[in-house]
$ cat protein_17.cif   # mmCIF, C-alpha atoms
data_my_file
loop_
_atom_site.group_PDB
_atom_site.id
_atom_site.type_symbol
_atom_site.label_atom_id
_atom_site.label_comp_id
_atom_site.auth_asym_id
_atom_site.auth_seq_id
_atom_site.Cartn_x
_atom_site.Cartn_y
_atom_site.Cartn_z
ATOM 1 C CA MET A 1 -89.001 82.891 10.464
ATOM 2 C CA THR A 2 -92.597 83.226 11.592
ATOM 3 C CA ASP A 3 -95.351 83.970 9.117
ATOM 4 C CA THR A 4 -95.843 87.379 10.724
ATOM 5 C CA SER A 5 -92.185 88.266 10.291
ATOM 6 C CA ARG A 6 -92.279 87.062 6.722
ATOM 7 C CA GLU A 7 -95.284 89.275 6.006
ATOM 8 C CA LEU A 8 -93.650 92.270 7.613
ATOM 9 C CA VAL A 9 -90.464 91.776 5.633
ATOM 10 C CA SER A 10 -92.441 91.403 2.406
ATOM 11 C CA ALA A 11 -94.478 94.516 3.165
ATOM 12 C CA TRP A 12 -91.329 96.539 3.670
ATOM 13 C CA VAL A 13 -89.528 95.222 0.599
ATOM 14 C CA ALA A 14 -92.581 95.685 -1.638
ATOM 15 C CA SER A 15 -93.693 99.129 -0.596
ATOM 16 C CA ARG A 16 -91.575 100.365 2.320
ATOM 17 C CA ASP A 17 -94.536 99.968 4.601
ATOM 18 C CA GLN A 18 -93.705 102.147 7.622
ATOM 19 C CA GLY A 19 -96.084 100.260 9.881
ATOM 20 C CA ALA A 20 -94.368 96.975 9.028
ATOM 21 C CA ALA A 21 -91.004 98.620 9.671
ATOM 22 C CA ARG A 22 -92.110 99.763 13.133
ATOM 23 C CA GLN A 23 -93.215 96.270 14.040
ATOM 24 C CA LEU A 24 -89.925 94.816 12.825
ATOM 25 C CA VAL A 25 -87.986 97.301 14.953
ATOM 26 C CA GLU A 26 -89.982 96.376 18.048
ATOM 27 C CA ALA A 27 -89.635 92.648 17.391
ATOM 28 C CA LEU A 28 -85.892 92.662 16.685
ATOM 29 C CA HIS A 29 -84.746 95.257 19.200
ATOM 30 C CA PRO A 30 -84.136 92.801 22.102
ATOM 31 C CA GLN A 31 -81.901 90.575 19.979
ATOM 32 C CA ILE A 32 -79.959 93.465 18.507
ATOM 33 C CA ILE A 33 -79.417 95.351 21.750
ATOM 34 C CA ARG A 34 -78.184 92.164 23.444
ATOM 35 C CA ILE A 35 -75.590 91.590 20.714
ATOM 36 C CA VAL A 36 -74.524 95.225 20.717
ATOM 37 C CA GLN A 37 -74.119 95.322 24.509
ATOM 38 C CA ASN A 38 -71.850 92.274 24.406
ATOM 39 C CA HIS A 39 -69.571 93.591 21.682
ATOM 40 C CA ILE A 40 -69.739 97.343 21.847
ATOM 41 C CA PRO A 41 -66.431 99.213 22.071
ATOM 42 C CA ARG A 42 -65.932 100.935 25.391
ATOM 43 C CA GLY A 43 -67.241 104.461 25.459
ATOM 44 C CA MET A 44 -69.706 103.963 22.640
ATOM 45 C CA ASP A 45 -73.430 104.232 23.182
ATOM 46 C CA ALA A 46 -75.335 100.978 22.672
ATOM 47 C CA GLU A 47 -78.411 102.731 21.329
ATOM 48 C CA ASP A 48 -76.427 104.573 18.649
ATOM 49 C CA LEU A 49 -74.956 101.317 17.465
ATOM 50 C CA ALA A 50 -78.342 99.603 17.581
ATOM 51 C CA GLN A 51 -79.727 102.353 15.341
ATOM 52 C CA GLU A 52 -76.902 101.754 12.893
ATOM 53 C CA VAL A 53 -77.741 98.036 12.857
ATOM 54 C CA PHE A 54 -81.370 98.793 12.025
ATOM 55 C CA VAL A 55 -80.382 101.173 9.229
ATOM 56 C CA GLN A 56 -78.210 98.465 7.685
ATOM 57 C CA PHE A 57 -80.983 95.938 8.229
ATOM 58 C CA PHE A 58 -83.549 97.879 6.245
ATOM 59 C CA ARG A 59 -81.049 98.889 3.572
ATOM 60 C CA THR A 60 -80.108 95.296 2.853
ATOM 61 C CA LEU A 61 -83.418 93.548 3.498
ATOM 62 C CA GLU A 62 -84.026 93.146 -0.231
ATOM 63 C CA ARG A 63 -81.080 90.719 -0.303
ATOM 64 C CA TYR A 64 -82.388 88.592 2.566
ATOM 65 C CA ASP A 65 -83.138 84.975 1.703
ATOM 66 C CA SER A 66 -86.444 84.242 3.398
ATOM 67 C CA THR A 67 -85.745 80.500 3.456
ATOM 68 C CA ARG A 68 -83.116 81.128 6.126
ATOM 69 C CA PRO A 69 -83.827 82.172 9.731
ATOM 70 C CA LEU A 70 -84.201 85.918 10.106
ATOM 71 C CA GLU A 71 -82.430 85.749 13.483
ATOM 72 C CA ASN A 72 -79.235 84.512 11.809
ATOM 73 C CA TRP A 73 -79.357 87.340 9.266
ATOM 74 C CA VAL A 74 -79.869 89.869 12.022
ATOM 75 C CA SER A 75 -77.070 88.387 14.148
ATOM 76 C CA ARG A 76 -74.585 88.556 11.315
ATOM 77 C CA LEU A 77 -75.580 92.112 10.501
ATOM 78 C CA ALA A 78 -75.291 93.231 14.123
ATOM 79 C CA LEU A 79 -71.905 91.560 14.559
ATOM 80 C CA ASN A 80 -70.596 93.163 11.377
ATOM 81 C CA VAL A 81 -71.699 96.593 12.548
ATOM 82 C CA CYS A 82 -70.013 95.987 15.916
ATOM 83 C CA LEU A 83 -66.871 94.803 14.148
ATOM 84 C CA LYS A 84 -66.817 97.947 12.049
ATOM 85 C CA ALA A 85 -67.227 100.054 15.182
ATOM 86 C CA LEU A 86 -64.415 98.166 16.906
ATOM 87 C CA ARG A 87 -62.142 98.808 13.937
ATOM 88 C CA THR A 88 -62.623 102.541 14.271
ATOM 89 C CA ARG A 89 -61.188 102.394 17.754
ATOM 90 C CA ALA A 90 -57.451 102.389 18.178
ATOM 91 C CA ARG A 91 -56.251 99.165 19.729
ATOM 92 C CA ARG A 92 -55.195 99.655 23.283
ATOM 93 C CA PRO A 93 -51.548 98.802 23.938
ATOM 94 C CA GLU A 94 -50.860 96.192 26.571
ATOM 95 C CA TRP A 95 -51.978 97.038 30.066
ATOM 96 C CA ARG A 96 -49.425 97.467 32.806
ATOM 97 C CA TRP A 97 -49.914 96.623 36.458
ATOM 98 C CA ALA A 98 -50.109 100.304 37.345
ATOM 99 C CA ASP A 99 -52.976 100.755 34.850
ATOM 100 C CA LEU A 100 -55.217 98.422 36.824
ATOM 101 C CA SER A 101 -57.477 99.445 39.669
ATOM 102 C CA GLU A 102 -56.822 97.925 43.101
ATOM 103 C CA SER A 103 -59.687 95.499 42.747
ATOM 104 C CA GLU A 104 -58.457 94.401 39.307
ATOM 105 C CA GLN A 105 -54.987 93.895 40.749
ATOM 106 C CA ALA A 106 -56.556 91.708 43.428
ATOM 107 C CA VAL A 107 -58.213 89.643 40.703
ATOM 108 C CA VAL A 108 -54.863 89.095 38.959
ATOM 109 C CA ALA A 109 -53.271 88.049 42.225
ATOM 110 C CA SER A 110 -56.009 85.548 43.021
ATOM 111 C CA LEU A 111 -55.938 84.082 39.483
ATOM 112 C CA PHE A 112 -52.318 83.045 39.978
ATOM 113 C CA HIS A 113 -52.199 82.333 43.670
ATOM 114 C CA GLU A 114 -55.614 81.109 44.743
ATOM 115 C CA PRO A 115 -56.717 77.555 43.948
ATOM 116 C CA GLU A 116 -60.269 78.597 43.243
ATOM 117 C CA ALA A 117 -61.846 81.715 41.850
ATOM 118 C CA ASP A 118 -63.528 84.096 44.266
ATOM 119 C CA SER A 119 -67.052 84.761 43.016
ATOM 120 C CA SER A 120 -67.185 88.107 44.807
ATOM 121 C CA GLN A 121 -64.610 89.338 42.310
ATOM 122 C CA ALA A 122 -66.818 88.555 39.311
ATOM 123 C CA GLN A 123 -67.577 92.154 38.381
ATOM 124 C CA ASP A 124 -63.946 93.227 38.699
ATOM 125 C CA ALA A 125 -62.931 90.183 36.675
ATOM 126 C CA ARG A 126 -65.305 91.331 33.950
ATOM 127 C CA GLU A 127 -63.694 94.782 33.926
ATOM 128 C CA LEU A 128 -60.223 93.266 33.791
ATOM 129 C CA LEU A 129 -61.236 90.948 30.966
ATOM 130 C CA THR A 130 -62.652 93.867 28.984
ATOM 131 C CA LYS A 131 -59.340 95.677 29.312
ATOM 132 C CA LEU A 132 -57.388 92.670 28.096
ATOM 133 C CA LEU A 133 -59.795 92.182 25.188
ATOM 134 C CA ASP A 134 -59.200 95.811 24.180
ATOM 135 C CA ALA A 135 -55.643 94.896 23.220
ATOM 136 C CA LEU A 136 -56.784 92.283 20.684
ATOM 137 C CA SER A 137 -57.820 92.818 17.091
ATOM 138 C CA PRO A 138 -61.575 93.360 16.582
ATOM 139 C CA GLN A 139 -62.019 89.882 15.106
ATOM 140 C CA GLU A 140 -60.064 88.199 17.917
ATOM 141 C CA ARG A 141 -61.987 90.141 20.537
ATOM 142 C CA MET A 142 -65.302 89.184 18.979
ATOM 143 C CA ILE A 143 -64.415 85.491 18.707
ATOM 144 C CA LEU A 144 -63.285 85.186 22.331
ATOM 145 C CA THR A 145 -66.371 87.060 23.518
ATOM 146 C CA LEU A 146 -68.644 84.718 21.562
ATOM 147 C CA LEU A 147 -66.681 81.595 22.515
ATOM 148 C CA HIS A 148 -65.865 82.131 26.178
ATOM 149 C CA LEU A 149 -68.321 84.725 27.442
ATOM 150 C CA GLU A 150 -71.418 83.818 25.452
ATOM 151 C CA GLU A 151 -70.319 80.144 25.265
ATOM 152 C CA LYS A 152 -71.276 79.729 21.621
ATOM 153 C CA SER A 153 -69.957 76.756 19.703
ATOM 154 C CA VAL A 154 -67.498 77.166 16.847
ATOM 155 C CA GLU A 155 -70.252 76.222 14.398
ATOM 156 C CA GLU A 156 -72.604 78.833 15.843
ATOM 157 C CA ILE A 157 -69.893 81.462 15.600
ATOM 158 C CA ALA A 158 -69.152 80.475 12.008
ATOM 159 C CA THR A 159 -72.843 80.836 11.149
ATOM 160 C CA ALA A 160 -73.188 84.144 12.969
ATOM 161 C CA THR A 161 -70.076 85.753 11.505
ATOM 162 C CA GLY A 162 -69.819 84.134 8.088
ATOM 163 C CA TRP A 163 -66.238 83.007 8.856
ATOM 164 C CA ASN A 164 -65.416 79.355 8.289
ATOM 165 C CA ALA A 165 -64.961 77.148 11.330
ATOM 166 C CA THR A 166 -61.216 76.651 10.786
ATOM 167 C CA LEU A 167 -60.643 80.391 10.726
ATOM 168 C CA VAL A 168 -62.618 80.762 13.938
ATOM 169 C CA LYS A 169 -60.499 78.108 15.668
ATOM 170 C CA VAL A 170 -57.217 79.572 14.457
ATOM 171 C CA ARG A 171 -58.151 83.100 15.513
ATOM 172 C CA ALA A 172 -59.384 81.868 18.881
ATOM 173 C CA PHE A 173 -56.135 79.987 19.471
ATOM 174 C CA ARG A 174 -54.011 83.003 18.628
ATOM 175 C CA ALA A 175 -56.159 85.363 20.657
ATOM 176 C CA ARG A 176 -56.015 83.119 23.740
ATOM 177 C CA ALA A 177 -52.226 82.895 23.387
ATOM 178 C CA LYS A 178 -51.993 86.696 23.341
ATOM 179 C CA MET A 179 -54.236 87.052 26.368
ATOM 180 C CA LYS A 180 -52.331 84.382 28.322
ATOM 181 C CA LYS A 181 -49.116 86.216 27.590
ATOM 182 C CA ALA A 182 -50.608 89.557 28.687
ATOM 183 C CA LEU A 183 -52.063 88.058 31.855
ATOM 184 C CA LYS A 184 -48.806 86.308 32.687
ATOM 185 C CA ALA A 185 -46.930 89.591 32.206
ATOM 186 C CA LEU A 186 -49.292 91.260 34.659
ATOM 187 C CA GLY A 187 -48.833 88.472 37.161
ATOM 188 C CA GLU A 188 -45.060 88.659 36.925
ATOM 189 C CA GLU A 189 -45.090 92.436 37.132
ATOM 190 C CA LYS A 190 -47.011 92.209 40.376
ATOM 191 C CA LEU A 191 -44.185 90.169 41.846
ATOM 192 C CA MET B 192 -66.701 71.249 40.478
ATOM 193 C CA LYS B 193 -63.640 70.761 38.319
ATOM 194 C CA ARG B 194 -60.806 73.011 39.441
ATOM 195 C CA ASN B 195 -59.452 75.096 36.609
ATOM 196 C CA SER B 196 -55.832 76.044 37.091
ATOM 197 C CA ASP B 197 -55.466 78.033 33.882
ATOM 198 C CA PRO B 198 -55.604 81.702 34.951
ATOM 199 C CA LEU B 199 -57.201 82.747 31.682
ATOM 200 C CA GLN B 200 -59.960 80.148 31.939
ATOM 201 C CA LYS B 201 -60.518 81.154 35.566
ATOM 202 C CA LEU B 202 -60.802 84.770 34.450
ATOM 203 C CA PHE B 203 -63.359 83.885 31.777
ATOM 204 C CA GLY B 204 -65.297 81.773 34.261
ATOM 205 C CA LEU B 205 -65.419 84.619 36.786
ATOM 206 C CA ALA B 206 -66.380 87.155 34.129
ATOM 207 C CA ARG B 207 -69.233 84.934 32.948
ATOM 208 C CA SER B 208 -70.631 84.798 36.441
ATOM 209 C CA ALA B 209 -70.694 88.592 36.715
ATOM 210 C CA ARG B 210 -74.142 90.101 36.755
ATOM 211 C CA PRO B 211 -74.842 91.103 33.172
ATOM 212 C CA GLU B 212 -75.808 94.653 32.406
ATOM 213 C CA PRO B 213 -79.597 94.694 32.361
ATOM 214 C CA PRO B 214 -81.011 95.306 28.906
ATOM 215 C CA PRO B 215 -83.041 98.471 28.494
ATOM 216 C CA ALA B 216 -86.697 97.996 29.354
ATOM 217 C CA GLY B 217 -88.204 98.231 25.898
ATOM 218 C CA LEU B 218 -87.421 100.840 23.308
ATOM 219 C CA SER B 219 -86.379 104.294 24.412
ATOM 220 C CA TYR B 220 -88.761 107.114 23.630
ATOM 221 C CA GLY B 221 -88.678 107.959 19.932
ATOM 222 C CA PHE B 222 -86.204 105.222 19.066
ATOM 223 C CA THR B 223 -88.303 103.765 16.254
ATOM 224 C CA THR B 224 -89.058 107.205 14.825
ATOM 225 C CA ARG B 225 -85.359 108.076 14.771
ATOM 226 C CA VAL B 226 -84.492 104.781 13.151
ATOM 227 C CA LEU B 227 -87.106 105.181 10.413
ATOM 228 C CA ALA B 228 -86.035 108.769 9.776
ATOM 229 C CA ARG B 229 -82.465 107.582 9.221
ATOM 230 C CA VAL B 230 -83.611 104.659 7.100
ATOM 231 C CA ASN B 231 -85.820 106.795 4.853
ATOM 232 C CA GLU B 232 -83.028 109.324 4.451
ATOM 233 C CA ALA B 233 -80.458 106.649 3.651
ATOM 234 C CA LEU B 234 -82.460 104.692 1.124
ATOM 235 C CA PRO B 235 -82.528 105.665 -2.554
ATOM 236 C CA GLU B 236 -85.811 106.667 -4.158
ATOM 237 C CA SER B 237 -88.298 104.066 -5.342
ATOM 238 C CA PRO B 238 -87.933 102.815 -8.926
ATOM 239 C CA TRP B 239 -90.808 105.037 -10.048
ATOM 240 C CA GLU B 240 -89.208 108.126 -8.594
ATOM 241 C CA ARG B 241 -85.936 107.268 -10.288
ATOM 242 C CA LEU B 242 -87.748 106.835 -13.607
ATOM 243 C CA ALA B 243 -89.559 110.166 -13.249
ATOM 244 C CA LEU B 244 -86.381 112.003 -12.328
ATOM 245 C CA GLY B 245 -84.508 110.368 -15.164
ATOM 246 C CA ALA B 246 -87.212 111.295 -17.667
ATOM 247 C CA LEU B 247 -87.176 114.946 -16.614
ATOM 248 C CA PRO B 248 -84.076 116.002 -18.510
ATOM 249 C CA ILE B 249 -85.192 114.029 -21.548
ATOM 250 C CA GLY B 250 -88.524 115.827 -21.464
ATOM 251 C CA ALA B 251 -86.805 119.174 -21.135
ATOM 252 C CA ILE B 252 -84.577 118.457 -24.124
ATOM 253 C CA ALA B 253 -87.558 117.353 -26.181
ATOM 254 C CA ALA B 254 -89.389 120.579 -25.320
ATOM 255 C CA LEU B 255 -86.405 122.668 -26.299
ATOM 256 C CA LEU B 256 -86.044 120.812 -29.575
ATOM 257 C CA CYS B 257 -89.698 121.388 -30.361
ATOM 258 C CA PHE B 258 -89.125 125.064 -29.779
ATOM 259 C CA PHE B 259 -85.897 125.485 -31.672
ATOM 260 C CA VAL B 260 -86.081 123.007 -34.576
ATOM 261 C CA PRO B 261 -88.760 124.918 -36.477
ATOM 262 C CA SER B 262 -86.574 128.006 -36.274
ATOM 263 C CA LEU B 263 -83.786 126.105 -38.024
ATOM 264 C CA ARG B 264 -85.901 125.725 -41.196
ATOM 265 C CA PRO B 265 -85.407 128.373 -43.898
ATOM 266 C CA HIS B 266 -87.383 131.537 -43.170
ATOM 267 C CA GLU B 267 -88.954 131.684 -46.647
ATOM 268 C CA ALA B 268 -90.203 128.121 -46.349
ATOM 269 C CA LEU B 269 -91.761 128.954 -42.988
ATOM 270 C CA VAL B 270 -93.483 132.030 -44.276
ATOM 271 C CA ALA B 271 -94.787 130.234 -47.338
ATOM 272 C CA GLU B 272 -96.130 127.414 -45.239
ATOM 273 C CA ASP B 273 -97.766 129.807 -42.795
ATOM 274 C CA LEU B 274 -99.388 131.681 -45.661
ATOM 275 C CA GLN B 275 -100.732 128.460 -47.062
ATOM 276 C CA LEU B 276 -102.115 127.479 -43.694
ATOM 277 C CA THR B 277 -103.716 130.890 -43.224
ATOM 278 C CA GLN B 278 -105.275 130.783 -46.671
ATOM 279 C CA ALA B 279 -106.612 127.314 -45.960
ATOM 280 C CA PHE B 280 -108.240 128.439 -42.709
ATOM 281 C CA ILE B 281 -109.800 131.503 -44.349
ATOM 282 C CA GLN B 282 -111.106 129.454 -47.243
ATOM 283 C CA THR B 283 -112.631 126.980 -44.843
ATOM 284 C CA ALA B 284 -114.262 129.758 -42.856
ATOM 285 C CA ILE B 285 -115.733 131.349 -46.008
ATOM 286 C CA GLU B 286 -117.084 128.034 -47.278
ATOM 287 C CA GLN B 287 -118.812 127.461 -43.982
#
$ encode --input "protein_17.cif" --output "structure tokens"
Amino acid sequence: MTDTSRELVSAWVASRDQGAARQLVEALHPQIIRIVQNHIPRGMDAEDLAQEVFVQFFRTLERYDSTRPLENWVSRLALNVCLKALRTRARRPEWRWADLSESEQAVVASLFHEPEADSSQAQDARELLTKLLDALSPQERMILTLLHLEEKSVEEIATATGWNATLVKVRAFRARAKMKKALKALGEEKL
Amino acid sequence: MKRNSDPLQKLFGLARSARPEPPPAGLSYGFTTRVLARVNEALPESPWERLALGALPIGAIAALLCFFVPSLRPHEALVAEDLQLTQAFIQTAIEQ
């Protein structure tokens, strides 16, 4: 944590300095909005969720251990808020072939029948992946997003979420198995 | 480039290469003000405010006791004491 950040945090904790709070919001907004955009449930506004993260941040700042990086504290807070938001959404049942758009169907077909991925389908692949992730539990969805989309290591995920590394690996394994099964079902349905 | 035959890994690889949604350019208008309004509303009062609010009912009870306790003393004792006080004041005024 930089000296400036440390001073701002101290100013807020000591006297709820509004000026310090404004500077903290401006400094932390890029990190928080990036996390929220990657994990936000579909249909929810990123800015609303980012506001919720900041409210939790200032409410719990008294408990922050200044010997640890502020970025880690913020990451964990943001992920927990996203997790809570994901839990409020009903899990989507498994997608059927008819639920997919034509371009998503084309992605499924090429995944099973083409030797190499077609980069022009990247955006559609992202949409398809989001749909498949919707069928997972919030924790499973978050772990696979961190592991395979953001390419974080297991240790980084453990630090960011507060879960131990073994739990992260077990959840990732189970989540991948579910997604493979769902994807295979789509591929077979197409035939 | 290593060919990945696992459909799920291919899907993740493709999704990663998708153009990410651009982050908003800076804070939206009034974002910080809205955040601070919610924060200030959500947070409990400062310790001093809590102390003052907590002391209020105690102060009110003390005031009421001061008002009512004298009235609990026997009437004759009150009157006698008042008379003594009055006499003392008059005597003091005369002597001066």
$ resolve_selection --input "protein_17.cif" --expression "the PyMOL selection byres ((chain A) within 8 of (chain B))" --output "ChimeraX atom specification"
/A:18,21-22,25-26,29-30,33-34,51,54-55,58-59,111-112,115-119,121-126,129,148-150,179-180,183
$ closest_residue --input "protein_17.cif" --among "A:Arg42, A:Lys178, A:Arg76, A:Lys131" --to "Phe57 of chain A" --atoms "all atoms listed in the file"
A:Arg76
$ atom_distance --input "protein_17.cif" --atom1 "atom CA of Ala50 of chain A" --atom2 "atom CA of Leu79 of chain A"
10.7 Å
$ closest_residue --input "protein_17.cif" --among "A:Glu189, A:Thr2, A:Pro69, A:Glu94" --to "Ala135 of chain A" --atoms "only C-alpha atoms"
A:Glu94
$ axis_aligned_box --input "protein_17.cif" --around "segment 124-140 of chain A" --padding-each-side "8 Å" --output "JSON"
{"center_x": -60.5, "center_y": 92.0, "center_z": 26.9, "size_x": 25.7, "size_y": 23.6, "size_z": 39.6}
$ closest_residue --input "protein_17.cif" --among "A:Thr166, A:Ser120, A:Glu127, A:Ile157" --to "Asn72 of chain A" --atoms "all atoms listed in the file"
A:Ile157
